[in-house]
>>> print(open('upload14.pdb').read())   # PDB, C-alpha atoms, pLDDT in the B column
ATOM      1  CA  MET X1092      25.849   0.520 -18.637  1.00 87.00           C
ATOM      2  CA  PRO X1093      23.022  -1.923 -17.813  1.00 94.00           C
ATOM      3  CA  LYS X1094      19.966  -0.965 -15.855  1.00 94.00           C
ATOM      4  CA  MET X1095      20.124  -1.391 -12.083  1.00 95.00           C
ATOM      5  CA  LYS X1096      17.695  -3.814 -10.462  1.00 96.00           C
ATOM      6  CA  THR X1097      15.235  -2.619  -7.855  1.00 96.00           C
ATOM      7  CA  HIS X1098      15.248  -4.626  -4.609  1.00 97.00           C
ATOM      8  CA  SER X1099      11.846  -6.378  -4.640  1.00 97.00           C
ATOM      9  CA  ALA X1100      11.358  -6.679  -0.872  1.00 97.00           C
ATOM     10  CA  THR X1101      12.135  -2.988  -0.422  1.00 97.00           C
ATOM     11  CA  LYS X1102       9.706  -1.788  -3.086  1.00 96.00           C
ATOM     12  CA  LYS X1103       6.884  -3.650  -1.321  1.00 96.00           C
ATOM     13  CA  ARG X1104       7.606  -2.047   2.063  1.00 97.00           C
ATOM     14  CA  PHE X1105       8.689   1.537   1.366  1.00 97.00           C
ATOM     15  CA  LYS X1106       7.758   4.398  -0.909  1.00 96.00           C
ATOM     16  CA  ILE X1107       9.355   7.745  -1.623  1.00 96.00           C
ATOM     17  CA  THR X1108       7.201  10.812  -0.921  1.00 95.00           C
ATOM     18  CA  GLY X1109       7.080  13.868  -3.161  1.00 95.00           C
ATOM     19  CA  SER X1110       9.566  15.702  -0.947  1.00 95.00           C
ATOM     20  CA  GLY X1111      12.007  12.767  -1.111  1.00 95.00           C
ATOM     21  CA  LYS X1112      11.412  11.260   2.326  1.00 96.00           C
ATOM     22  CA  VAL X1113      10.936   7.507   2.766  1.00 97.00           C
ATOM     23  CA  SER X1114       7.584   6.398   4.203  1.00 97.00           C
ATOM     24  CA  PHE X1115       6.469   3.010   5.461  1.00 97.00           C
ATOM     25  CA  GLN X1116       3.476   1.351   7.121  1.00 97.00           C
ATOM     26  CA  LYS X1117       3.903   0.802  10.863  1.00 96.00           C
ATOM     27  CA  SER X1118       3.766  -2.738  12.205  1.00 96.00           C
ATOM     28  CA  GLY X1119       1.292  -4.112  14.736  1.00 96.00           C
ATOM     29  CA  ARG X1120      -1.972  -3.250  12.980  1.00 95.00           C
ATOM     30  CA  ARG X1121      -2.979  -6.685  11.574  1.00 95.00           C
ATOM     31  CA  HIS X1122      -4.541  -8.574  14.474  1.00 96.00           C
ATOM     32  CA  LEU X1123      -4.950  -8.628  18.289  1.00 96.00           C
ATOM     33  CA  LEU X1124      -6.240  -5.052  18.132  1.00 97.00           C
ATOM     34  CA  ALA X1125      -8.685  -5.432  21.026  1.00 97.00           C
ATOM     35  CA  SER X1126      -5.799  -5.473  23.512  1.00 96.00           C
ATOM     36  CA  LYS X1127      -4.333  -2.206  22.140  1.00 97.00           C
ATOM     37  CA  ASN X1128      -5.792   1.087  23.290  1.00 97.00           C
ATOM     38  CA  ALA X1129      -7.467   3.562  20.918  1.00 97.00           C
ATOM     39  CA  LYS X1130      -4.595   6.066  20.967  1.00 97.00           C
ATOM     40  CA  ARG X1131      -2.114   3.372  19.959  1.00 97.00           C
ATOM     41  CA  ARG X1132      -4.351   2.073  17.145  1.00 97.00           C
ATOM     42  CA  ARG X1133      -4.866   5.609  15.829  1.00 97.00           C
ATOM     43  CA  SER X1134      -1.114   6.274  15.740  1.00 96.00           C
ATOM     44  CA  LEU X1135      -0.507   2.957  13.943  1.00 97.00           C
ATOM     45  CA  ARG X1136      -2.795   4.124  11.112  1.00 96.00           C
ATOM     46  CA  LYS X1137      -0.413   6.903  10.131  1.00 96.00           C
ATOM     47  CA  GLN X1138       2.479   6.403   7.740  1.00 95.00           C
ATOM     48  CA  GLY X1139       5.881   6.263   9.403  1.00 96.00           C
ATOM     49  CA  ILE X1140       8.736   8.408   8.100  1.00 97.00           C
ATOM     50  CA  LEU X1141      12.242   6.938   8.162  1.00 96.00           C
ATOM     51  CA  PRO X1142      14.982   8.917   9.918  1.00 96.00           C
ATOM     52  CA  ALA X1143      17.583  10.514   7.654  1.00 95.00           C
ATOM     53  CA  SER X1144      20.328   8.210   8.966  1.00 96.00           C
ATOM     54  CA  VAL X1145      18.610   5.125   7.462  1.00 95.00           C
ATOM     55  CA  GLU X1146      17.067   6.840   4.443  1.00 96.00           C
ATOM     56  CA  GLY X1147      20.186   6.510   2.282  1.00 94.00           C
ATOM     57  CA  HIS X1148      20.274   2.717   2.579  1.00 96.00           C
ATOM     58  CA  ILE X1149      16.686   2.393   1.338  1.00 96.00           C
ATOM     59  CA  LYS X1150      17.139   4.882  -1.515  1.00 96.00           C
ATOM     60  CA  LYS X1151      20.134   2.887  -2.735  1.00 96.00           C
ATOM     61  CA  LEU X1152      17.893  -0.190  -3.067  1.00 96.00           C
ATOM     62  CA  LEU X1153      15.253   1.802  -4.987  1.00 96.00           C
ATOM     63  CA  PRO X1154      17.298   3.396  -7.777  1.00 95.00           C
ATOM     64  CA  TYR X1155      14.347   4.559  -9.934  1.00 92.00           C
ATOM     65  CA  ALA X1156      11.918   5.610  -7.194  1.00 85.00           C
TER
END
>>> encode(input="upload14.pdb", output="structure tokens")
Amino acid sequence: MPKMKTHSATKKRFKITGSGKVSFQKSGRRHLLASKNAKRRRSLRKQGILPASVEGHIKKLLPYA
């Protein structure tokens, strides 16, 4: 059976943690930061964790991750 291809857009946006969860970088941290308060900017720094209901779709696109 041939190798499966990894979905290129997905591999750029998500990564699988050691415990098997899917993490991603939150949006809204590139520009116009002066209008966002400090608490919001601090929370945008942290990695987001995908909910389990969506996790399966992403893992299917990353077969070797």
>>> residues_around(input="upload14.pdb", residues="X:Lys1103", least_positions_apart="6", cutoff="12 Å", atoms="all atoms listed in the file", output="list in words")
Thr1097, Ser1114, Phe1115, Gln1116, Ile1149, Leu1152 and Leu1153 of chain X
>>> closest_residue(input="upload14.pdb", among="X:Val1113, X:Arg1104, X:Lys1096, X:Arg1120", to="X:Leu1141", atoms="all atoms listed in the file")
X:Val1113
>>> atom_distance(input="upload14.pdb", atom1="atom CA of X:Lys1117", atom2="atom CA of X:Ala1143")
17.1 Å
>>> atom_distance(input="upload14.pdb", atom1="atom CA of X:Gly1139", atom2="atom CA of X:Arg1121")
15.8 Å
>>> axis_aligned_box(input="upload14.pdb", around="stretch 1094-1109 of chain X", padding_each_side="5 Å", output="lines of an AutoDock Vina configuration file")
center_x = 13.5
center_y = 3.6
center_z = -6.9
size_x = 23.2
size_y = 30.5
size_z = 27.9
>>> decode(input="upload14.pdb", residues="stretch 1104-1147 of chain X", atoms="N, CA and C atoms", output="compact mmCIF listing (two decimals), in the first residue's frame")
# COMPACT_ATOMS: atom_id res chain seq x y z
N ARG X 1104 -0.29 24.56 10.41
CA ARG X 1104 -1.14 25.23 11.40
C ARG X 1104 -1.31 24.49 12.72
N PHE X 1105 -1.11 23.17 12.71
CA PHE X 1105 -1.36 22.37 13.90
C PHE X 1105 -0.16 21.50 14.21
N LYS X 1106 -0.03 21.14 15.50
CA LYS X 1106 0.95 20.11 15.85
C LYS X 1106 0.40 19.25 16.97
N ILE X 1107 0.85 18.00 17.00
CA ILE X 1107 0.37 17.05 17.97
C ILE X 1107 1.29 17.09 19.18
N THR X 1108 0.71 17.23 20.38
CA THR X 1108 1.51 17.28 21.60
C THR X 1108 1.91 15.86 22.00
N GLY X 1109 2.76 15.75 23.00
CA GLY X 1109 3.22 14.45 23.47
C GLY X 1109 2.10 13.57 23.97
N SER X 1110 1.06 14.19 24.54
CA SER X 1110 -0.07 13.41 25.07
C SER X 1110 -1.12 13.11 24.01
N GLY X 1111 -0.88 13.59 22.76
CA GLY X 1111 -1.79 13.27 21.67
C GLY X 1111 -2.85 14.32 21.38
N LYS X 1112 -2.81 15.44 22.10
CA LYS X 1112 -3.76 16.51 21.83
C LYS X 1112 -3.27 17.34 20.64
N VAL X 1113 -4.17 18.10 20.03
CA VAL X 1113 -3.81 18.93 18.88
C VAL X 1113 -3.74 20.38 19.33
N SER X 1114 -2.57 21.01 19.14
CA SER X 1114 -2.40 22.41 19.54
C SER X 1114 -2.28 23.30 18.32
N PHE X 1115 -2.60 24.57 18.51
CA PHE X 1115 -2.54 25.54 17.43
C PHE X 1115 -2.25 26.91 18.01
N GLN X 1116 -1.82 27.84 17.15
CA GLN X 1116 -1.56 29.21 17.58
C GLN X 1116 -2.84 30.02 17.39
N LYS X 1117 -3.23 30.75 18.42
CA LYS X 1117 -4.46 31.55 18.35
C LYS X 1117 -4.31 32.71 17.38
N SER X 1118 -5.41 33.12 16.79
CA SER X 1118 -5.37 34.21 15.81
C SER X 1118 -5.55 35.55 16.52
N GLY X 1119 -5.15 36.63 15.83
CA GLY X 1119 -5.36 37.97 16.36
C GLY X 1119 -4.15 38.54 17.06
N ARG X 1120 -2.97 38.00 16.82
CA ARG X 1120 -1.77 38.44 17.52
C ARG X 1120 -0.74 39.07 16.57
N ARG X 1121 -1.10 39.37 15.33
CA ARG X 1121 -0.15 39.87 14.34
C ARG X 1121 -0.01 41.39 14.37
N HIS X 1122 -1.13 42.10 14.35
CA HIS X 1122 -1.07 43.56 14.29
C HIS X 1122 -2.28 44.15 14.99
N LEU X 1123 -2.34 45.48 15.08
CA LEU X 1123 -3.40 46.20 15.79
C LEU X 1123 -3.48 45.80 17.26
N LEU X 1124 -2.31 45.60 17.88
CA LEU X 1124 -2.28 45.13 19.26
C LEU X 1124 -2.52 46.24 20.28
N ALA X 1125 -2.33 47.49 19.87
CA ALA X 1125 -2.51 48.60 20.80
C ALA X 1125 -3.97 48.72 21.26
N SER X 1126 -4.90 48.31 20.41
CA SER X 1126 -6.32 48.41 20.75
C SER X 1126 -6.81 47.24 21.60
N LYS X 1127 -5.98 46.21 21.80
CA LYS X 1127 -6.35 45.05 22.60
C LYS X 1127 -5.76 45.21 24.00
N ASN X 1128 -6.52 44.85 25.01
CA ASN X 1128 -6.02 45.03 26.37
C ASN X 1128 -4.97 43.97 26.72
N ALA X 1129 -4.25 44.20 27.82
CA ALA X 1129 -3.11 43.36 28.19
C ALA X 1129 -3.54 41.93 28.48
N LYS X 1130 -4.68 41.75 29.12
CA LYS X 1130 -5.16 40.40 29.45
C LYS X 1130 -5.44 39.60 28.17
N ARG X 1131 -6.02 40.25 27.19
CA ARG X 1131 -6.33 39.60 25.92
C ARG X 1131 -5.05 39.22 25.19
N ARG X 1132 -4.07 40.13 25.16
CA ARG X 1132 -2.80 39.85 24.47
C ARG X 1132 -2.05 38.71 25.16
N ARG X 1133 -2.09 38.67 26.48
CA ARG X 1133 -1.43 37.60 27.23
C ARG X 1133 -2.06 36.25 26.91
N SER X 1134 -3.39 36.21 26.83
CA SER X 1134 -4.07 34.93 26.55
C SER X 1134 -3.85 34.49 25.11
N LEU X 1135 -3.62 35.43 24.20
CA LEU X 1135 -3.35 35.08 22.80
C LEU X 1135 -1.96 34.49 22.62
N ARG X 1136 -1.06 34.72 23.58
CA ARG X 1136 0.29 34.14 23.51
C ARG X 1136 0.26 32.63 23.66
N LYS X 1137 -0.66 32.14 24.46
CA LYS X 1137 -0.69 30.71 24.79
C LYS X 1137 -1.16 29.88 23.59
N GLN X 1138 -0.70 28.64 23.55
CA GLN X 1138 -1.15 27.71 22.52
C GLN X 1138 -2.60 27.34 22.81
N GLY X 1139 -3.40 27.23 21.76
CA GLY X 1139 -4.76 26.74 21.91
C GLY X 1139 -4.77 25.23 21.79
N ILE X 1140 -5.72 24.58 22.46
CA ILE X 1140 -5.88 23.14 22.36
C ILE X 1140 -7.24 22.87 21.71
N LEU X 1141 -7.24 22.07 20.67
CA LEU X 1141 -8.49 21.77 19.96
C LEU X 1141 -9.40 20.90 20.82
N PRO X 1142 -10.72 21.12 20.75
CA PRO X 1142 -11.64 20.22 21.44
C PRO X 1142 -11.63 18.83 20.80
N ALA X 1143 -11.98 17.83 21.60
CA ALA X 1143 -11.92 16.44 21.14
C ALA X 1143 -12.83 16.17 19.95
N SER X 1144 -13.92 16.94 19.83
CA SER X 1144 -14.87 16.72 18.73
C SER X 1144 -14.26 17.04 17.37
N VAL X 1145 -13.28 17.94 17.31
CA VAL X 1145 -12.66 18.35 16.05
C VAL X 1145 -11.32 17.65 15.84
N GLU X 1146 -10.76 17.16 16.93
CA GLU X 1146 -9.42 16.57 16.93
C GLU X 1146 -9.26 15.46 15.89
N GLY X 1147 -10.27 14.63 15.75
CA GLY X 1147 -10.19 13.49 14.82
C GLY X 1147 -10.02 13.91 13.38
